[in-house]
$ cat coords-v2.csv   # CSV, C-alpha atoms
chain,number,residue,atom,x,y,z
A,1,MET,CA,-22.6,72.8,-140.4
A,2,ASN,CA,-21.1,72.0,-137.0
A,3,LEU,CA,-20.3,68.6,-135.7
A,4,ARG,CA,-23.3,68.5,-133.4
A,5,ASN,CA,-25.7,69.1,-136.3
A,6,ILE,CA,-24.0,66.4,-138.4
A,7,ILE,CA,-24.3,63.9,-135.5
A,8,THR,CA,-28.0,64.8,-135.2
A,9,LEU,CA,-28.6,64.3,-138.9
A,10,LEU,CA,-26.9,60.9,-138.8
A,11,PHE,CA,-28.9,59.8,-135.8
A,12,LEU,CA,-32.2,60.8,-137.6
A,13,PHE,CA,-31.0,59.0,-140.8
A,14,PHE,CA,-30.3,55.7,-139.0
A,15,THR,CA,-33.5,56.0,-137.0
A,16,ILE,CA,-35.5,56.2,-140.3
A,17,ILE,CA,-33.6,53.2,-141.7
A,18,CYS,CA,-34.1,51.1,-138.6
A,19,SER,CA,-37.8,52.1,-138.5
A,20,ASN,CA,-38.3,50.9,-142.1
A,21,ALA,CA,-36.5,47.6,-141.4
A,22,GLN,CA,-38.7,47.0,-138.4
A,23,GLN,CA,-41.8,47.4,-140.6
A,24,LYS,CA,-40.8,44.6,-142.9
A,25,LYS,CA,-43.2,41.6,-142.6
A,26,PHE,CA,-42.5,38.0,-143.7
A,27,SER,CA,-44.7,35.1,-144.7
A,28,VAL,CA,-43.6,32.0,-142.8
A,29,HIS,CA,-44.1,28.3,-143.6
A,30,THR,CA,-43.0,25.3,-141.6
A,31,VAL,CA,-41.7,22.3,-143.4
A,32,ALA,CA,-41.5,19.1,-141.3
A,33,PHE,CA,-40.5,15.5,-141.4
A,34,TYR,CA,-41.6,12.8,-139.0
A,35,ASN,CA,-41.0,9.0,-138.9
A,36,LEU,CA,-44.4,7.9,-137.8
A,37,GLU,CA,-43.1,4.5,-136.5
A,38,ASN,CA,-45.3,1.7,-137.6
A,39,LEU,CA,-48.4,3.5,-138.6
A,40,PHE,CA,-50.4,0.4,-139.3
A,41,ASP,CA,-54.2,0.0,-139.3
A,42,THR,CA,-55.9,-3.2,-138.0
A,43,ILE,CA,-56.9,-4.6,-141.4
A,44,ASN,CA,-55.1,-7.7,-142.7
A,45,ASN,CA,-53.4,-6.7,-146.0
A,46,PRO,CA,-51.0,-8.7,-148.1
A,47,ASN,CA,-48.0,-6.8,-146.9
A,48,PHE,CA,-46.6,-8.9,-144.0
A,49,ASP,CA,-48.6,-6.8,-141.4
A,50,GLU,CA,-49.6,-9.8,-139.3
A,51,GLU,CA,-47.8,-8.4,-136.3
A,52,TRP,CA,-50.0,-5.3,-136.4
A,53,LEU,CA,-53.4,-7.1,-136.1
A,54,PRO,CA,-55.7,-7.6,-133.1
A,55,ASN,CA,-54.4,-11.2,-132.8
A,56,GLY,CA,-50.8,-10.3,-133.7
A,57,ALA,CA,-47.7,-9.9,-131.6
A,58,GLN,CA,-48.5,-6.2,-130.9
A,59,ASN,CA,-52.2,-7.0,-130.0
A,60,TRP,CA,-52.9,-4.0,-132.3
A,61,THR,CA,-56.6,-3.1,-131.6
A,62,SER,CA,-58.8,-0.4,-132.9
A,63,GLU,CA,-58.5,1.5,-129.6
A,64,LYS,CA,-54.7,1.4,-129.8
A,65,TYR,CA,-54.8,2.5,-133.4
A,66,SER,CA,-57.1,5.4,-132.6
A,67,LYS,CA,-54.8,6.5,-129.7
A,68,LYS,CA,-51.8,6.3,-132.0
A,69,LEU,CA,-53.5,8.6,-134.6
A,70,GLU,CA,-54.5,11.1,-131.8
A,71,ASN,CA,-50.9,11.2,-130.5
A,72,LEU,CA,-49.4,11.7,-133.9
A,73,ALA,CA,-51.9,14.4,-134.8
A,74,ARG,CA,-51.1,16.3,-131.6
A,75,VAL,CA,-47.4,16.3,-132.5
A,76,LEU,CA,-47.8,17.2,-136.1
A,77,SER,CA,-50.2,20.1,-135.4
A,78,GLU,CA,-47.7,21.6,-132.9
A,79,ILE,CA,-44.4,21.3,-134.8
A,80,GLY,CA,-42.7,24.7,-135.3
A,81,THR,CA,-45.5,26.7,-133.6
A,82,GLY,CA,-43.0,28.4,-131.4
A,83,GLU,CA,-42.1,30.8,-134.3
A,84,ASN,CA,-45.1,30.2,-136.6
A,85,PRO,CA,-48.6,29.8,-135.2
A,86,ASN,CA,-49.7,27.8,-138.2
A,87,SER,CA,-49.1,24.0,-138.2
A,88,PRO,CA,-46.6,22.7,-140.8
A,89,THR,CA,-47.6,23.5,-144.4
A,90,LEU,CA,-45.6,20.5,-145.7
A,91,ILE,CA,-45.1,17.3,-143.8
A,92,GLY,CA,-42.9,14.4,-145.0
A,93,GLY,CA,-43.6,11.1,-143.3
A,94,SER,CA,-42.3,7.5,-143.3
A,95,GLU,CA,-43.2,4.1,-141.9
A,96,ILE,CA,-46.7,4.4,-143.4
A,97,GLU,CA,-48.7,1.3,-144.2
A,98,ASN,CA,-50.9,2.7,-146.9
A,99,ARG,CA,-53.0,5.7,-148.0
A,100,GLY,CA,-55.8,4.7,-145.7
A,101,VAL,CA,-53.9,5.4,-142.5
A,102,LEU,CA,-53.0,8.8,-143.8
A,103,GLU,CA,-56.6,9.5,-144.6
A,104,ASP,CA,-57.5,8.5,-141.0
A,105,LEU,CA,-54.6,10.7,-139.7
A,106,VAL,CA,-55.6,13.9,-141.5
A,107,LYS,CA,-59.2,13.5,-140.3
A,108,GLN,CA,-58.0,13.9,-136.7
A,109,PRO,CA,-59.5,17.1,-135.2
A,110,LYS,CA,-56.1,18.7,-134.6
A,111,LEU,CA,-55.2,18.3,-138.3
A,112,ALA,CA,-58.6,18.4,-140.0
A,113,VAL,CA,-58.8,22.2,-139.5
A,114,ASN,CA,-55.8,22.6,-141.9
A,115,ASP,CA,-57.4,20.5,-144.7
A,116,TYR,CA,-54.3,18.5,-145.6
A,117,GLY,CA,-53.9,16.8,-149.0
A,118,ILE,CA,-51.9,13.6,-149.5
A,119,VAL,CA,-49.3,12.4,-151.9
A,120,HIS,CA,-48.6,8.7,-151.5
A,121,TYR,CA,-47.4,5.8,-153.6
A,122,GLU,CA,-47.1,2.1,-152.6
A,123,SER,CA,-43.4,1.1,-152.2
A,124,PRO,CA,-42.0,-2.4,-152.7
A,125,ASP,CA,-40.6,-2.4,-149.2
A,126,LYS,CA,-40.7,-5.9,-147.7
A,127,ARG,CA,-42.4,-4.6,-144.5
A,128,GLY,CA,-45.0,-2.8,-146.6
A,129,ILE,CA,-44.2,0.7,-145.4
A,130,ASP,CA,-44.0,3.8,-147.5
A,131,VAL,CA,-43.1,7.5,-147.5
A,132,ALA,CA,-45.6,10.3,-148.2
A,133,LEU,CA,-46.2,14.0,-148.2
A,134,LEU,CA,-49.0,15.9,-146.5
A,135,TYR,CA,-49.7,19.5,-147.6
A,136,GLN,CA,-52.1,22.3,-146.6
A,137,LYS,CA,-54.2,22.8,-149.7
A,138,LYS,CA,-54.7,26.5,-149.2
A,139,HIS,CA,-50.9,27.1,-149.4
A,140,PHE,CA,-49.4,24.3,-151.6
A,141,LYS,CA,-50.7,23.1,-155.0
A,142,PRO,CA,-48.9,20.0,-156.3
A,143,THR,CA,-48.2,20.2,-160.1
A,144,SER,CA,-46.4,16.8,-160.4
A,145,SER,CA,-45.4,13.8,-158.3
A,146,VAL,CA,-43.5,10.6,-158.9
A,147,ASN,CA,-42.1,7.6,-157.0
A,148,ILE,CA,-38.5,6.8,-158.0
A,149,PRO,CA,-37.2,3.3,-157.0
A,150,LEU,CA,-33.9,2.8,-155.2
A,151,LEU,CA,-32.6,-0.1,-157.2
A,152,ILE,CA,-30.0,-2.0,-155.2
A,153,TYR,CA,-29.1,-5.7,-155.5
A,154,ARG,CA,-27.2,-8.1,-153.4
A,155,ASN,CA,-25.3,-10.4,-155.6
A,156,ASP,CA,-23.4,-12.8,-153.3
A,157,SER,CA,-21.2,-10.4,-151.3
A,158,LYS,CA,-21.2,-7.7,-153.9
A,159,ILE,CA,-23.7,-4.9,-153.9
A,160,VAL,CA,-24.9,-3.8,-157.4
A,161,GLU,CA,-26.5,-0.4,-157.9
A,162,LYS,CA,-28.7,0.3,-161.0
A,163,ASN,CA,-30.3,3.6,-160.2
A,164,THR,CA,-31.1,5.8,-163.2
A,165,GLY,CA,-33.7,8.1,-161.7
A,166,GLU,CA,-36.5,6.5,-163.7
A,167,THR,CA,-39.9,6.1,-162.2
A,168,ALA,CA,-41.1,2.9,-160.5
A,169,GLU,CA,-43.5,2.2,-163.3
A,170,ASP,CA,-40.7,2.4,-165.9
A,171,LYS,CA,-38.7,-0.2,-164.0
A,172,ALA,CA,-41.4,-2.7,-163.2
A,173,ASP,CA,-41.0,-5.1,-166.1
A,174,SER,CA,-37.3,-5.3,-166.0
A,175,ASP,CA,-37.3,-5.8,-162.3
A,176,LYS,CA,-39.3,-9.0,-162.7
A,177,ASN,CA,-36.5,-10.6,-164.7
A,178,GLU,CA,-33.6,-9.3,-162.6
A,179,VAL,CA,-34.9,-10.1,-159.1
A,180,ALA,CA,-34.3,-13.8,-159.3
A,181,ILE,CA,-30.7,-13.3,-160.6
A,182,ASP,CA,-29.5,-10.3,-158.7
A,183,ASN,CA,-31.5,-10.5,-155.4
A,184,ARG,CA,-32.9,-7.0,-155.3
A,185,VAL,CA,-33.0,-5.4,-151.8
A,186,TYR,CA,-36.6,-4.2,-151.5
A,187,THR,CA,-36.8,-0.8,-149.8
A,188,ARG,CA,-38.8,2.4,-149.9
A,189,ASP,CA,-39.1,4.4,-153.1
A,190,VAL,CA,-38.0,8.0,-153.2
A,191,LEU,CA,-40.9,10.4,-153.5
A,192,LEU,CA,-40.5,13.6,-155.6
A,193,VAL,CA,-43.3,16.3,-155.4
A,194,THR,CA,-43.2,19.6,-157.3
A,195,GLY,CA,-45.7,22.3,-156.6
A,196,MET,CA,-46.5,25.9,-155.9
A,197,LEU,CA,-46.0,27.2,-152.4
A,198,ASP,CA,-48.0,30.5,-152.3
A,199,GLY,CA,-46.8,31.2,-155.9
A,200,ASP,CA,-43.2,29.9,-155.6
A,201,GLU,CA,-42.3,26.6,-157.2
A,202,VAL,CA,-40.7,24.2,-154.7
A,203,ASN,CA,-39.4,20.6,-155.2
A,204,ILE,CA,-39.7,18.2,-152.2
A,205,ILE,CA,-37.9,14.9,-152.1
A,206,VAL,CA,-39.0,12.5,-149.3
A,207,ASN,CA,-36.8,9.6,-148.3
A,208,HIS,CA,-36.6,6.6,-145.9
A,209,TRP,CA,-33.2,5.0,-146.6
A,210,PRO,CA,-32.3,1.4,-146.0
A,211,SER,CA,-31.8,0.4,-142.4
A,212,ARG,CA,-28.6,-0.7,-140.6
A,213,SER,CA,-29.8,-4.3,-140.4
A,214,GLY,CA,-26.7,-6.5,-140.5
A,215,GLY,CA,-24.5,-3.7,-139.2
A,216,GLU,CA,-23.6,-0.2,-140.2
A,217,LYS,CA,-20.6,-1.1,-142.2
A,218,LYS,CA,-22.2,-3.9,-144.2
A,219,SER,CA,-25.4,-1.9,-144.9
A,220,SER,CA,-23.7,1.5,-145.6
A,221,PRO,CA,-23.4,0.9,-149.4
A,222,PHE,CA,-27.2,0.8,-149.7
A,223,ARG,CA,-27.5,4.2,-148.1
A,224,GLU,CA,-24.6,5.6,-150.1
A,225,ALA,CA,-26.6,4.5,-153.2
A,226,ALA,CA,-29.6,6.3,-151.8
A,227,GLY,CA,-27.5,9.5,-151.4
A,228,ARG,CA,-26.3,9.3,-155.0
A,229,LEU,CA,-29.9,8.7,-156.2
A,230,ASN,CA,-30.9,11.9,-154.4
A,231,ARG,CA,-28.1,13.8,-156.1
A,232,LYS,CA,-29.2,12.4,-159.5
A,233,ILE,CA,-32.7,13.6,-158.9
A,234,MET,CA,-31.5,17.0,-157.9
A,235,ASP,CA,-29.3,17.3,-161.0
A,236,SER,CA,-32.2,16.2,-163.2
A,237,ILE,CA,-34.3,19.0,-161.7
A,238,TYR,CA,-31.5,21.6,-162.3
A,239,LYS,CA,-31.3,20.6,-166.0
A,240,ILE,CA,-34.9,21.7,-166.4
A,241,ASN,CA,-34.6,24.8,-164.1
A,242,PRO,CA,-31.1,25.9,-162.9
A,243,ASN,CA,-32.8,28.1,-160.3
A,244,ALA,CA,-35.0,25.4,-158.9
A,245,LYS,CA,-35.7,25.4,-155.1
A,246,ILE,CA,-35.2,21.9,-153.7
A,247,ILE,CA,-35.8,20.4,-150.3
A,248,THR,CA,-34.7,16.8,-149.5
A,249,MET,CA,-35.8,15.3,-146.2
A,250,GLY,CA,-36.2,12.0,-144.5
A,251,ASP,CA,-35.1,9.3,-142.1
A,252,LEU,CA,-31.7,8.5,-143.6
A,253,ASN,CA,-30.6,5.9,-141.1
A,254,ASP,CA,-27.3,7.7,-141.3
A,255,GLY,CA,-25.9,10.7,-139.5
A,256,THR,CA,-25.0,14.1,-141.0
A,257,TYR,CA,-21.4,13.0,-141.1
A,258,ASN,CA,-21.8,9.8,-143.0
A,259,LYS,CA,-20.6,9.2,-146.6
A,260,SER,CA,-24.1,8.9,-147.9
A,261,VAL,CA,-24.9,12.5,-146.9
A,262,LYS,CA,-21.5,14.2,-147.2
A,263,GLU,CA,-20.4,12.6,-150.5
A,264,GLY,CA,-23.6,11.1,-152.0
A,265,ILE,CA,-25.6,14.3,-151.7
A,266,GLY,CA,-22.7,16.6,-151.2
A,267,ALA,CA,-24.2,18.4,-148.2
A,268,LYS,CA,-22.2,21.1,-146.5
A,269,LEU,CA,-21.9,22.2,-142.9
A,270,LYS,CA,-21.6,26.0,-143.6
A,271,LYS,CA,-23.7,28.1,-145.9
A,272,GLU,CA,-20.5,29.8,-147.3
A,273,GLU,CA,-19.3,26.4,-148.4
A,274,VAL,CA,-22.3,25.8,-150.6
A,275,LYS,CA,-21.7,26.5,-154.3
A,276,GLN,CA,-24.2,26.7,-157.2
A,277,PHE,CA,-26.4,23.5,-157.3
A,278,GLY,CA,-25.0,22.6,-153.9
A,279,VAL,CA,-26.8,21.6,-150.7
A,280,TYR,CA,-26.8,23.0,-147.1
A,281,ASN,CA,-27.5,20.7,-144.2
A,282,PRO,CA,-28.5,22.7,-141.0
A,283,PHE,CA,-28.7,19.6,-139.0
A,284,GLU,CA,-24.9,18.9,-139.2
A,285,GLN,CA,-24.2,21.8,-136.8
A,286,MET,CA,-27.0,20.6,-134.5
A,287,ALA,CA,-25.4,17.1,-134.4
A,288,LYS,CA,-22.0,18.7,-133.5
A,289,GLU,CA,-23.7,20.4,-130.6
A,290,GLY,CA,-25.0,17.1,-129.2
A,291,ASN,CA,-28.6,17.3,-130.4
A,292,ALA,CA,-30.5,14.1,-131.4
A,293,SER,CA,-33.6,13.0,-133.3
A,294,LEU,CA,-33.3,9.4,-132.1
A,295,PHE,CA,-31.1,7.1,-130.0
A,296,TYR,CA,-29.3,4.3,-131.7
A,297,ARG,CA,-27.5,1.7,-129.6
A,298,ASP,CA,-27.6,4.0,-126.6
A,299,ALA,CA,-26.1,7.0,-128.5
A,300,GLY,CA,-28.0,10.0,-129.7
A,301,ASP,CA,-27.8,10.9,-133.4
A,302,ILE,CA,-29.7,12.8,-136.1
A,303,PHE,CA,-30.9,10.4,-138.7
A,304,ASP,CA,-33.9,12.6,-139.5
A,305,GLN,CA,-32.7,15.5,-141.7
A,306,ILE,CA,-33.9,18.3,-143.9
A,307,MET,CA,-31.5,19.8,-146.4
A,308,VAL,CA,-32.0,22.7,-148.8
A,309,SER,CA,-30.5,23.7,-152.1
A,310,GLU,CA,-28.2,26.7,-152.6
A,311,THR,CA,-31.2,28.6,-154.1
A,312,LEU,CA,-32.9,28.5,-150.7
A,313,ILE,CA,-30.1,30.1,-148.8
A,314,GLN,CA,-29.7,33.2,-150.9
A,315,LYS,CA,-30.2,36.5,-149.1
A,316,ASP,CA,-32.9,37.9,-151.4
A,317,TYR,CA,-36.2,37.3,-149.6
A,318,SER,CA,-38.4,38.3,-152.5
A,319,SER,CA,-39.2,34.6,-152.8
A,320,PHE,CA,-39.1,31.9,-150.1
A,321,ARG,CA,-35.8,31.2,-148.5
A,322,TYR,CA,-34.5,29.0,-145.7
A,323,TRP,CA,-34.6,30.7,-142.3
A,324,LYS,CA,-33.7,28.2,-139.5
A,325,ALA,CA,-34.2,24.6,-138.4
A,326,GLY,CA,-35.2,22.6,-135.3
A,327,ILE,CA,-35.9,19.3,-133.6
A,328,TYR,CA,-39.4,19.1,-132.0
A,329,ASN,CA,-38.9,17.2,-128.7
A,330,LYS,CA,-41.3,18.5,-126.1
A,331,PRO,CA,-41.4,16.9,-122.6
A,332,PHE,CA,-44.7,15.0,-123.3
A,333,MET,CA,-42.9,13.1,-126.2
A,334,ILE,CA,-40.0,11.9,-124.0
A,335,GLN,CA,-39.7,8.8,-121.8
A,336,THR,CA,-39.3,9.9,-118.2
A,337,THR,CA,-38.4,6.6,-116.4
A,338,GLY,CA,-36.6,3.4,-116.7
A,339,GLN,CA,-33.8,2.2,-119.0
A,340,TYR,CA,-34.8,4.5,-121.9
A,341,LYS,CA,-35.3,7.7,-119.9
A,342,GLY,CA,-34.7,10.6,-122.2
A,343,TYR,CA,-35.5,8.6,-125.4
A,344,PRO,CA,-38.5,9.4,-127.6
A,345,LEU,CA,-41.6,7.9,-126.0
A,346,ARG,CA,-42.6,5.1,-128.4
A,347,HIS,CA,-45.2,2.4,-128.6
A,348,THR,CA,-45.0,-0.6,-126.3
A,349,ILE,CA,-47.5,-3.4,-125.6
A,350,ASN,CA,-48.7,-1.5,-122.6
A,351,GLU,CA,-48.4,2.1,-123.7
A,352,ILE,CA,-49.3,3.9,-126.9
A,353,GLY,CA,-46.6,6.5,-127.3
A,354,PHE,CA,-45.6,8.6,-130.3
A,355,SER,CA,-42.6,7.4,-132.2
A,356,ASP,CA,-39.0,6.3,-131.7
A,357,HIS,CA,-37.9,9.4,-133.6
A,358,PHE,CA,-38.4,13.1,-132.9
A,359,PRO,CA,-39.7,15.2,-135.9
A,360,VAL,CA,-37.5,17.8,-137.5
A,361,TYR,CA,-38.4,21.0,-139.2
A,362,ILE,CA,-37.3,24.1,-141.0
A,363,TYR,CA,-38.9,27.5,-141.6
A,364,LEU,CA,-39.2,29.1,-145.0
A,365,ILE,CA,-39.7,32.9,-145.1
A,366,LYS,CA,-40.6,35.5,-147.8
A,367,GLU,CA,-40.8,39.2,-147.4
A,368,GLU,CA,-44.4,40.5,-147.9
A,369,LYS,CA,-44.9,43.2,-150.4
$ encode --input "coords-v2.csv" --output "structure tokens"
Amino acid sequence: MNLRNIITLLFLFFTIICSNAQQKKFSVHTVAFYNLENLFDTINNPNFDEEWLPNGAQNWTSEKYSKKLENLARVLSEIGTGENPNSPTLIGGSEIENRGVLEDLVKQPKLAVNDYGIVHYESPDKRGIDVALLYQKKHFKPTSSVNIPLLIYRNDSKIVEKNTGETAEDKADSDKNEVAIDNRVYTRDVLLVTGMLDGDEVNIIVNHWPSRSGGEKKSSPFREAAGRLNRKIMDSIYKINPNAKIITMGDLNDGTYNKSVKEGIGAKLKKEEVKQFGVYNPFEQMAKEGNASLFYRDAGDIFDQIMVSETLIQKDYSSFRYWKAGIYNKPFMIQTTGQYKGYPLRHTINEIGFSDHFPVYIYLIKEEK
């Protein structure tokens, strides 16, 4: 066989291989997180919501509340649609007053078409705000859920951490006795939801870590404790299933570079750095490139993050794997004038915006058989 024939055969061989590769089809799901910024109704509840009432400081009327729901629904329905025409299958959220506001939200026309279910628990947060998970019922079937308290105490100038990974109900009685002595810092519980995503088991952890009130340095130990609690939850899942797929998401009030993320969770910048039971954080590279999900003290940062377990970055696409990530920051969501030009367009007394955060998202893909 002469050289010309060999070259022709090789060309045909690679043409067939490429043709087969192009015929591969993938199922795609978008997983999102959005800080909904003060999603309060207009009903007076026993949770320090007086500011968000018609006669409160925000003059929070039914009309304003309805517009807020409409705005949020628009954003949520569009996240990730650049690569996936379907709205997010899974949506983690924070700054939620109660289950009622979520029921109002998922009834909005732009979201109602996707028939979202709700996983929500009341948190002990002093402002009365919680985290939650929305899910498209046709794609995700929850099998279990639990709220896990972040137990941190302020004892004079010393911060005491007592996290064991037990549920909020398990800790309720002991907390009553310890609060008076140890001055518990009331913050949001961590939400853990396990379920089947089109036949694949996935574990989702939703967070809203303690704020930077009092200064970053002074409050950092609280968020470091939250990072360690996330790691404990993940390790507990791995004890049951070493091959578990885990996604942890939330408004962390810390950047990708902070100790809470890098040491508490152990998140890595590069996929090749992630070992078994490790965690990959795609938003660290985005932060290095100057992207932002919010602006804190006039500097952009990424406090809103979605991280994935090593099992989700493997190269076998016979089950769902991480594909890529993004920050959803379309022009209509951005302040265009004034001191805060370029910031997320948030609520003011005179204008009902969206949120002071941009939502973040990742894609999960699986090869179709």
$ closest_atom_pairs --input "coords-v2.csv" --of "range 60-79 of chain A" --to "range 89-100 of chain A" --cutoff "10 Å" --atoms "all atoms listed in the file" --output "CSV"
residue,atom,partner,partner_atom,distance
A:Leu76,CA,A:Ile91,CA,8.2
A:Ser77,CA,A:Thr89,CA,10.0
A:Ile79,CA,A:Ile91,CA,9.9
$ write_last_selection --input "coords-v2.csv" --atoms "C-alpha atoms" --output "JSON list (two decimals), in the frame of the given file"
[["chain", "number", "residue", "atom", "x", "y", "z"],
["A", 76, "LEU", "CA", -47.80, 17.20, -136.10],
["A", 77, "SER", "CA", -50.20, 20.10, -135.40],
["A", 79, "ILE", "CA", -44.40, 21.30, -134.80]]
$ atom_distance --input "coords-v2.csv" --atom1 "CA of Val131 in chain A" --atom2 "CA of Phe354 in chain A"
17.4 Å
$ atom_distance --input "coords-v2.csv" --atom1 "CA of Ile334 in chain A" --atom2 "CA of Asp251 in chain A"
18.9 Å
$ closest_residue --input "coords-v2.csv" --among "A:Leu191, A:Val119, A:Val185, A:Leu102" --to "Ser219 in chain A" --atoms "all atoms listed in the file"
A:Val185
$ atom_distance --input "coords-v2.csv" --atom1 "CA of Leu269 in chain A" --atom2 "CA of Thr256 in chain A"
8.9 Å
$ closest_residue --input "coords-v2.csv" --among "A:Asn55, A:Asn350, A:Ser309, A:Asn47" --to "Val274 in chain A" --atoms "all atoms listed in the file"
A:Ser309
$ residues_near_point --input "coords-v2.csv" --point "(-47.4, 6.8, -124.5)" --cutoff "10 Å" --atoms "all atoms listed in the file" --output "PDB file with C-alpha atoms, keeping the file's coordinate frame"
ATOM      1  CA  LYS A  67     -54.800   6.500-129.700  1.00  0.00           C
ATOM      2  CA  LYS A  68     -51.800   6.300-132.000  1.00  0.00           C
ATOM      3  CA  ASN A  71     -50.900  11.200-130.500  1.00  0.00           C
ATOM      4  CA  PHE A 332     -44.700  15.000-123.300  1.00  0.00           C
ATOM      5  CA  MET A 333     -42.900  13.100-126.200  1.00  0.00           C
ATOM      6  CA  ILE A 334     -40.000  11.900-124.000  1.00  0.00           C
ATOM      7  CA  GLN A 335     -39.700   8.800-121.800  1.00  0.00           C
ATOM      8  CA  PRO A 344     -38.500   9.400-127.600  1.00  0.00           C
ATOM      9  CA  LEU A 345     -41.600   7.900-126.000  1.00  0.00           C
ATOM     10  CA  ARG A 346     -42.600   5.100-128.400  1.00  0.00           C
ATOM     11  CA  HIS A 347     -45.200   2.400-128.600  1.00  0.00           C
ATOM     12  CA  THR A 348     -45.000  -0.600-126.300  1.00  0.00           C
ATOM     13  CA  ASN A 350     -48.700  -1.500-122.600  1.00  0.00           C
ATOM     14  CA  GLU A 351     -48.400   2.100-123.700  1.00  0.00           C
ATOM     15  CA  ILE A 352     -49.300   3.900-126.900  1.00  0.00           C
ATOM     16  CA  GLY A 353     -46.600   6.500-127.300  1.00  0.00           C
ATOM     17  CA  PHE A 354     -45.600   8.600-130.300  1.00  0.00           C
ATOM     18  CA  SER A 355     -42.600   7.400-132.200  1.00  0.00           C
TER      19      SER A 355
END
$ residues_around --input "coords-v2.csv" --residues "Glu289 in chain A" --least-positions-apart "6" --cutoff "12 Å" --atoms "only C-alpha atoms" --output "PyMOL selection string"
chain A and resi 282-283+300-302
$ residues_around --input "coords-v2.csv" --residues "Tyr121 in chain A" --least-positions-apart "4" --cutoff "10 Å" --atoms "only C-alpha atoms" --output "list in words"
Asn98, Arg99, Asp130, Val131, Ala132, Leu133, Ser145, Val146, Asn147, Ile148, Ala168, Arg188, Asp189, Val190 and Leu191 of chain A
$ decode --input "coords-v2.csv" --residues "range 118-129 of chain A" --atoms "N, CA, C and O atoms" --output "mmCIF file, in the first residue's frame"
data_model
loop_
_atom_site.group_PDB
_atom_site.id
_atom_site.type_symbol
_atom_site.label_atom_id
_atom_site.label_comp_id
_atom_site.auth_asym_id
_atom_site.auth_seq_id
_atom_site.Cartn_x
_atom_site.Cartn_y
_atom_site.Cartn_z
ATOM 1 N N ILE A 118 -40.646 23.274 46.653
ATOM 2 C CA ILE A 118 -39.955 24.103 47.644
ATOM 3 C C ILE A 118 -39.451 23.230 48.791
ATOM 4 O O ILE A 118 -40.199 22.396 49.312
ATOM 5 N N VAL A 119 -38.190 23.436 49.178
ATOM 6 C CA VAL A 119 -37.677 22.879 50.427
ATOM 7 C C VAL A 119 -37.244 24.067 51.281
ATOM 8 O O VAL A 119 -36.356 24.830 50.894
ATOM 9 N N HIS A 120 -37.886 24.229 52.443
ATOM 10 C CA HIS A 120 -37.631 25.396 53.283
ATOM 11 C C HIS A 120 -37.834 25.038 54.747
ATOM 12 O O HIS A 120 -38.752 24.294 55.095
ATOM 13 N N TYR A 121 -36.966 25.558 55.591
ATOM 14 C CA TYR A 121 -37.115 25.457 57.043
ATOM 15 C C TYR A 121 -36.911 26.845 57.638
ATOM 16 O O TYR A 121 -36.130 27.646 57.126
ATOM 17 N N GLU A 122 -37.595 27.116 58.752
ATOM 18 C CA GLU A 122 -37.363 28.364 59.471
ATOM 19 C C GLU A 122 -36.019 28.310 60.185
ATOM 20 O O GLU A 122 -35.677 27.310 60.819
ATOM 21 N N SER A 123 -35.249 29.386 60.058
ATOM 22 C CA SER A 123 -33.962 29.498 60.735
ATOM 23 C C SER A 123 -34.097 30.380 61.971
ATOM 24 O O SER A 123 -35.044 31.167 62.074
ATOM 25 N N PRO A 124 -33.147 30.298 62.898
ATOM 26 C CA PRO A 124 -33.186 31.152 64.096
ATOM 27 C C PRO A 124 -32.578 32.528 63.871
ATOM 28 O O PRO A 124 -32.358 33.259 64.826
ATOM 29 N N ASP A 125 -32.302 32.887 62.615
ATOM 30 C CA ASP A 125 -31.666 34.161 62.301
ATOM 31 C C ASP A 125 -32.419 35.316 62.955
ATOM 32 O O ASP A 125 -33.656 35.371 62.926
ATOM 33 N N LYS A 126 -31.683 36.245 63.511
ATOM 34 C CA LYS A 126 -32.315 37.340 64.266
ATOM 35 C C LYS A 126 -33.147 38.256 63.376
ATOM 36 O O LYS A 126 -34.052 38.942 63.861
ATOM 37 N N ARG A 127 -32.858 38.281 62.055
ATOM 38 C CA ARG A 127 -33.674 39.084 61.134
ATOM 39 C C ARG A 127 -34.854 38.290 60.584
ATOM 40 O O ARG A 127 -35.674 38.834 59.845
ATOM 41 N N GLY A 128 -34.904 37.001 60.885
ATOM 42 C CA GLY A 128 -36.012 36.187 60.414
ATOM 43 C C GLY A 128 -35.886 35.770 58.963
ATOM 44 O O GLY A 128 -36.899 35.516 58.302
ATOM 45 N N ILE A 129 -34.654 35.704 58.449
ATOM 46 C CA ILE A 129 -34.471 35.301 57.049
ATOM 47 C C ILE A 129 -33.844 33.911 56.976
ATOM 48 O O ILE A 129 -33.075 33.503 57.845
#
